[in-house]
Amino acid sequence: MSVLVVAPGRDVSQWVETLKSQHPGMNVYVYPEDHDTEEVEFAITWKHPRGLFKNYPNLKVVASMGAGVDHITSDPEFPEGVKITRVVDEQLTSDLSEFVLALVMNHTRHLSAYKHQEKDSNWNVLKYCRNSDMKIGVMGMGVIGTATAQLLAKNNFKVSGWSRTEKDCEDITSYYGDNSLDDFLQESEILICLLPLTEETNGILNKELFEKLPKGAYLINVGRGEHLEENDLIEMIDSGHLAGAALDVFKEEPLPEDHAFWKHERISITPHTASLTEAESVVPQIVENYERFQDDEELKNLVEQDRGY
Ligand code: NDP
């Protein structure tokens with residue numbers, strides 16, 4: 001049996017080295033090096049070429065190299081019956097939560113705004129905002145969303161979460177299901193998107209949704225670029241309904257040089273860097289799943305493919 005690593009454009013040498021050291025004797029190939037497609041039963045991937053996996057008749061498991069799996073589930077030719085796993089990593093989760101806290105503090109303490117004022121030698125004191133005065137809504141209360149909401153609550157923000165199913169988290173108000181979305185949005189002076197990208201969540205950050213946020217609300221999108229209707233965001237900021245946005249993910253990455261977001265004074269851009277997936281941290285759980293697969297045991301962090309995450 002062979003393991004195939006498919007991550008075009010990425011240097012995966014550290015991944016291969018760690019895989020081999022964690023499981024000596026593992027037969028690893030890096031796509032597109034020469035390999036026997038019939039021998040591959042387990043693949044590890046980030047953004048594989050569309051349709052690739054249908055050429056592997058004995059493939060059983062595809063492991064995502066990151067927390068999201070939309071890069072796999074969006075392949076219309078992904079073979080039926082092949083299991084998908086994802087990464088659940090403590091380091092990645094705390095990295096991302098801290099990054100979001102930094103974006104929130106940047107907004108509430110006006111750091112970007114003061115940076116803009118600095119250009120004009122403008123000594124203008126903006127309204128002070130304490131954490132305890134600010135209501136934050138986290139869309140997606142999964143592994144990362146919950147950790148982020150908890151970190152924000154620990155920092156005295158008033159936090160709500162929105163998910164498909166009800167959550168019981170100390171100091172966090174749980175909203176769940178489509179029927180509660182409007183109530184959740186009304187409570188969100190800062191809206192943080194940490195949803196997975198699925199058919200249901202694609203384009204969810206749109207004008208209709210923004211209109212339900214309080215006037216002056218701020219958006220932080222660290223989910224996926226496809227969650228956001230880009231023109232709607234610009235329209236809602238320019239109309240004054242939204243105060244601005246911090247965006248880490250984009251429909252097209254890298255964000256094209258001529259994209260309107262770059263020049264917009266109220267939009268902060270980071271290059272999909274809210275967290276880092278490190279081979280040393282993540283490979284052990286992939287190796288554990290590989291061994292579970294070999295022993296015919298249930299896999300960890302399995303994706304429910306009918307719901308898309
Ligand atoms: P999880 O699968 O653990 O959580 C997903 C959450 O979204 C769950 O709470 C789920 O609800 C909720 N959800 C899904 N669909 C809906 C829906 N239709 N309506 C309401 N709630 C919904 O994911 P993670 O927390 O691990 O990761 C979330 C996303 O963060 C990833 O998919 C990825 O896109 C993004 N990400 C971004 C990174 C970056 O660097 N910017 C890095 C890592 C991840 P329920 O709990 O009820 O099932």
# chains A, B, ... in the order shown; residues from 1 in each chain; ligands from 1
$ residues_near_ligand --ligand "ligand 1" --cutoff "7 Å" --atoms "only C-alpha atoms and all ligand atoms" --output "PyMOL selection string"
chain A and resi 66-69+88+96+139-145+162-166+176-178+194-198+200-201+222-224+248-249+272-276+309
$ write_last_selection --atoms "N, CA and C atoms" --output "CSV table (one decimal), in the first residue's frame"
chain,number,residue,atom,x,y,z
A,66,GLY,N,-5.2,20.6,6.1
A,66,GLY,CA,-5.6,21.7,7.0
A,66,GLY,C,-7.0,21.4,7.6
A,67,ALA,N,-7.5,22.4,8.3
A,67,ALA,CA,-8.8,22.3,9.1
A,67,ALA,C,-9.9,22.2,8.1
A,68,GLY,N,-9.8,23.0,7.0
A,68,GLY,CA,-10.9,23.1,6.1
A,68,GLY,C,-10.9,21.9,5.0
A,69,VAL,N,-12.0,21.5,4.5
A,69,VAL,CA,-12.0,20.5,3.5
A,69,VAL,C,-12.7,20.9,2.2
A,88,VAL,N,-7.6,18.7,13.2
A,88,VAL,CA,-8.0,19.4,14.4
A,88,VAL,C,-6.8,19.5,15.2
A,96,LEU,N,-5.1,30.7,15.7
A,96,LEU,CA,-6.2,31.5,15.0
A,96,LEU,C,-7.0,32.3,15.9
A,139,MET,N,-19.8,33.4,13.9
A,139,MET,CA,-20.5,32.5,13.1
A,139,MET,C,-19.7,31.2,12.9
A,140,GLY,N,-20.2,30.1,13.3
A,140,GLY,CA,-19.5,28.8,13.3
A,140,GLY,C,-18.9,28.6,14.7
A,141,MET,N,-19.5,27.7,15.4
A,141,MET,CA,-19.1,27.4,16.8
A,141,MET,C,-18.5,26.0,16.8
A,142,GLY,N,-17.6,25.7,15.9
A,142,GLY,CA,-16.9,24.4,15.9
A,142,GLY,C,-15.7,24.5,16.7
A,143,VAL,N,-14.7,23.7,16.3
A,143,VAL,CA,-13.4,23.6,17.1
A,143,VAL,C,-12.8,25.0,17.3
A,144,ILE,N,-12.6,25.7,16.1
A,144,ILE,CA,-11.9,27.0,16.1
A,144,ILE,C,-12.9,28.1,16.6
A,145,GLY,N,-14.1,28.1,16.1
A,145,GLY,CA,-15.1,29.2,16.5
A,145,GLY,C,-15.3,29.2,18.0
A,162,TRP,N,-23.1,31.4,16.7
A,162,TRP,CA,-24.2,30.9,15.8
A,162,TRP,C,-23.7,29.6,15.2
A,163,SER,N,-24.5,28.5,15.3
A,163,SER,CA,-24.1,27.3,14.7
A,163,SER,C,-25.4,26.5,14.2
A,164,ARG,N,-25.2,25.3,13.7
A,164,ARG,CA,-26.4,24.6,13.3
A,164,ARG,C,-27.1,24.0,14.5
A,165,THR,N,-26.3,23.5,15.5
A,165,THR,CA,-26.9,22.9,16.6
A,165,THR,C,-26.6,23.7,17.9
A,166,GLU,N,-27.4,23.6,18.9
A,166,GLU,CA,-27.2,24.4,20.2
A,166,GLU,C,-25.9,24.0,20.9
A,176,TYR,N,-28.8,29.1,17.3
A,176,TYR,CA,-28.6,28.0,16.4
A,176,TYR,C,-29.7,27.9,15.3
A,177,GLY,N,-29.3,27.5,14.2
A,177,GLY,CA,-30.3,27.3,13.1
A,177,GLY,C,-30.6,28.6,12.4
A,178,ASP,N,-31.2,28.4,11.2
A,178,ASP,CA,-31.5,29.6,10.3
A,178,ASP,C,-32.5,30.5,11.0
A,194,LEU,N,-16.3,32.2,11.0
A,194,LEU,CA,-15.5,31.0,11.2
A,194,LEU,C,-16.3,29.7,10.8
A,195,LEU,N,-17.1,29.9,9.7
A,195,LEU,CA,-17.9,28.8,9.2
A,195,LEU,C,-17.0,28.0,8.2
A,196,PRO,N,-17.4,26.7,8.0
A,196,PRO,CA,-16.7,26.0,6.9
A,196,PRO,C,-17.5,26.4,5.6
A,197,LEU,N,-16.8,26.2,4.5
A,197,LEU,CA,-17.4,26.6,3.2
A,197,LEU,C,-18.2,25.4,2.7
A,198,THR,N,-19.5,25.5,2.7
A,198,THR,CA,-20.4,24.5,2.2
A,198,THR,C,-21.4,25.1,1.2
A,200,GLU,N,-24.4,25.5,1.7
A,200,GLU,CA,-25.3,26.4,2.5
A,200,GLU,C,-24.6,27.7,2.9
A,201,THR,N,-23.3,27.7,3.1
A,201,THR,CA,-22.7,28.9,3.6
A,201,THR,C,-22.0,29.7,2.5
A,222,VAL,N,-12.4,35.2,8.6
A,222,VAL,CA,-11.2,34.3,8.6
A,222,VAL,C,-11.7,32.9,8.2
A,223,GLY,N,-12.9,32.8,7.6
A,223,GLY,CA,-13.4,31.5,7.1
A,223,GLY,C,-12.9,31.2,5.8
A,224,ARG,N,-13.6,31.5,4.7
A,224,ARG,CA,-13.2,31.3,3.4
A,224,ARG,C,-13.7,32.5,2.5
A,248,ASP,N,-9.0,37.9,5.9
A,248,ASP,CA,-7.8,37.1,5.8
A,248,ASP,C,-7.9,36.1,4.6
A,249,VAL,N,-9.1,35.9,4.1
A,249,VAL,CA,-9.3,34.9,3.0
A,249,VAL,C,-10.1,35.5,1.9
A,272,HIS,N,-4.0,35.4,4.2
A,272,HIS,CA,-4.4,34.0,4.6
A,272,HIS,C,-3.4,33.5,5.6
A,273,THR,N,-3.3,34.3,6.7
A,273,THR,CA,-2.2,34.0,7.6
A,273,THR,C,-2.7,33.9,9.1
A,274,ALA,N,-4.0,33.7,9.2
A,274,ALA,CA,-4.5,33.7,10.6
A,274,ALA,C,-4.0,32.6,11.4
A,275,SER,N,-3.5,31.5,10.7
A,275,SER,CA,-2.9,30.4,11.5
A,275,SER,C,-1.9,29.7,10.5
A,276,LEU,N,-1.2,28.8,11.2
A,276,LEU,CA,-0.1,28.1,10.4
A,276,LEU,C,-0.3,26.6,10.6
A,309,TYR,N,-18.9,19.2,6.0
A,309,TYR,CA,-17.9,19.6,6.9
A,309,TYR,C,-17.7,18.6,8.0
$ residues_around --residues "Ile172 (chain A)" --least-positions-apart "2" --cutoff "8 Å" --atoms "only C-alpha atoms" --output "PyMOL selection string"
chain A and resi 149-150+153+158-161+168-170+174
$ atom_distance --atom1 "CA of Asn55 (chain A)" --atom2 "CA of Asn301 (chain A)"
24.9 Å
$ closest_residue --among "A:His110, A:Ser13, A:Asp296, A:Glu118" --to "Arg130 (chain A)" --atoms "only C-alpha atoms"
A:His110
$ residues_around --residues "Val16 (chain A)" --least-positions-apart "5" --cutoff "9 Å" --atoms "only C-alpha atoms" --output "PyMOL selection string"
chain A and resi 5+21+28-30+279
$ atom_distance --atom1 "CA of Gly51 (chain A)" --atom2 "CA of Lys251 (chain A)"
20.6 Å
$ residues_around --residues "Ala63 (chain A)" --least-positions-apart "5" --cutoff "10 Å" --atoms "only C-alpha atoms" --output "PyMOL selection string"
chain A and resi 5+42-46+69+72+83-87+286+289-290+301-303
$ write_last_selection --atoms "N, CA and C atoms" --output "short mmCIF file (atom, residue, chain, number, x, y, z; two decimals), in the first residue's frame"
data_model
loop_
_atom_site.label_atom_id
_atom_site.label_comp_id
_atom_site.auth_asym_id
_atom_site.auth_seq_id
_atom_site.Cartn_x
_atom_site.Cartn_y
_atom_site.Cartn_z
N VAL A 5 1.06 12.06 -1.45
CA VAL A 5 0.92 13.45 -0.99
C VAL A 5 0.71 14.32 -2.23
N PHE A 42 -4.29 5.65 0.46
CA PHE A 42 -4.38 6.75 1.42
C PHE A 42 -3.70 7.96 0.80
N ALA A 43 -4.40 9.09 0.73
CA ALA A 43 -3.80 10.31 0.16
C ALA A 43 -3.87 11.45 1.18
N ILE A 44 -2.90 12.34 1.09
CA ILE A 44 -2.85 13.52 1.96
C ILE A 44 -2.78 14.72 1.02
N THR A 45 -3.69 15.68 1.19
CA THR A 45 -3.75 16.70 0.14
C THR A 45 -4.09 18.10 0.61
N TRP A 46 -3.64 19.06 -0.20
CA TRP A 46 -4.08 20.45 -0.11
C TRP A 46 -4.24 20.93 -1.54
N VAL A 69 -12.01 21.55 4.51
CA VAL A 69 -12.02 20.47 3.51
C VAL A 69 -12.72 20.89 2.22
N ILE A 72 -11.46 19.87 -1.03
CA ILE A 72 -11.71 18.49 -1.46
C ILE A 72 -13.18 18.33 -1.88
N LYS A 83 -13.37 8.18 2.07
CA LYS A 83 -13.54 8.96 3.29
C LYS A 83 -12.64 10.19 3.28
N ILE A 84 -13.10 11.24 3.96
CA ILE A 84 -12.30 12.47 4.07
C ILE A 84 -12.07 12.75 5.56
N THR A 85 -10.82 13.06 5.91
CA THR A 85 -10.54 13.50 7.28
C THR A 85 -9.96 14.90 7.23
N ARG A 86 -9.99 15.56 8.37
CA ARG A 86 -9.46 16.92 8.42
C ARG A 86 -8.55 17.07 9.63
N VAL A 87 -7.92 18.23 9.72
CA VAL A 87 -7.01 18.49 10.83
C VAL A 87 -7.76 19.17 11.98
N ILE A 286 -2.34 12.46 11.43
CA ILE A 286 -2.55 11.80 10.12
C ILE A 286 -1.97 10.39 10.17
N ASN A 289 -4.31 8.17 12.03
CA ASN A 289 -5.43 7.75 11.18
C ASN A 289 -5.00 6.71 10.15
N TYR A 290 -3.79 6.86 9.64
CA TYR A 290 -3.26 5.88 8.69
C TYR A 290 -3.17 4.50 9.37
N ASN A 301 -11.55 12.58 13.32
CA ASN A 301 -11.78 13.82 12.57
C ASN A 301 -12.34 13.56 11.17
N LEU A 302 -13.28 12.60 11.13
CA LEU A 302 -13.93 12.27 9.86
C LEU A 302 -14.91 13.37 9.46
N VAL A 303 -14.94 13.68 8.18
CA VAL A 303 -15.87 14.69 7.67
C VAL A 303 -17.19 14.01 7.32
#
